[in-house]
Amino acid sequence: MIESIFIFIAVIAITALIFGGWLVVTIIRGIIRLAMYLFDIDGQRARPMPLPGQNSATCPQANCRAPNPAGAAFCRRCGRQMPRAQRVTVRRAAMW
Ligand SMILES: [Zn+2]
């Protein structure tokens, strides 16, 4: 009879420990999520920012200025070489 009471107390203690640990983890996760939201560290919102600039590149020729895809090596209209490598370097330097 006394042994069953001890087992009952032990089960309650283990349950309380597990619940307490889960509660602490949940609170810490909530604090981290709130901090990420407040300081805008969230990668899902920060990543799409540089993409729109890479989708289009304007021809460097003053009399052409044709819009070209970022991956194009030569202009679609005049056939001049696109300064793609220089633009990427400038953008990376500006980011840092
Ligand atoms: Zn062109």
# chains A, B, ... in the order shown; residues from 1 in each chain; ligands from 1
>>> residues_near_ligand(ligand="ligand 1", cutoff="10 Å", atoms="only C-alpha atoms and all ligand atoms", output="JSON, numbers by chain")
{"A": [58, 59, 60, 61, 62, 63, 64, 65, 66, 67, 68, 74, 75, 76, 77, 78, 79, 80, 81, 82]}
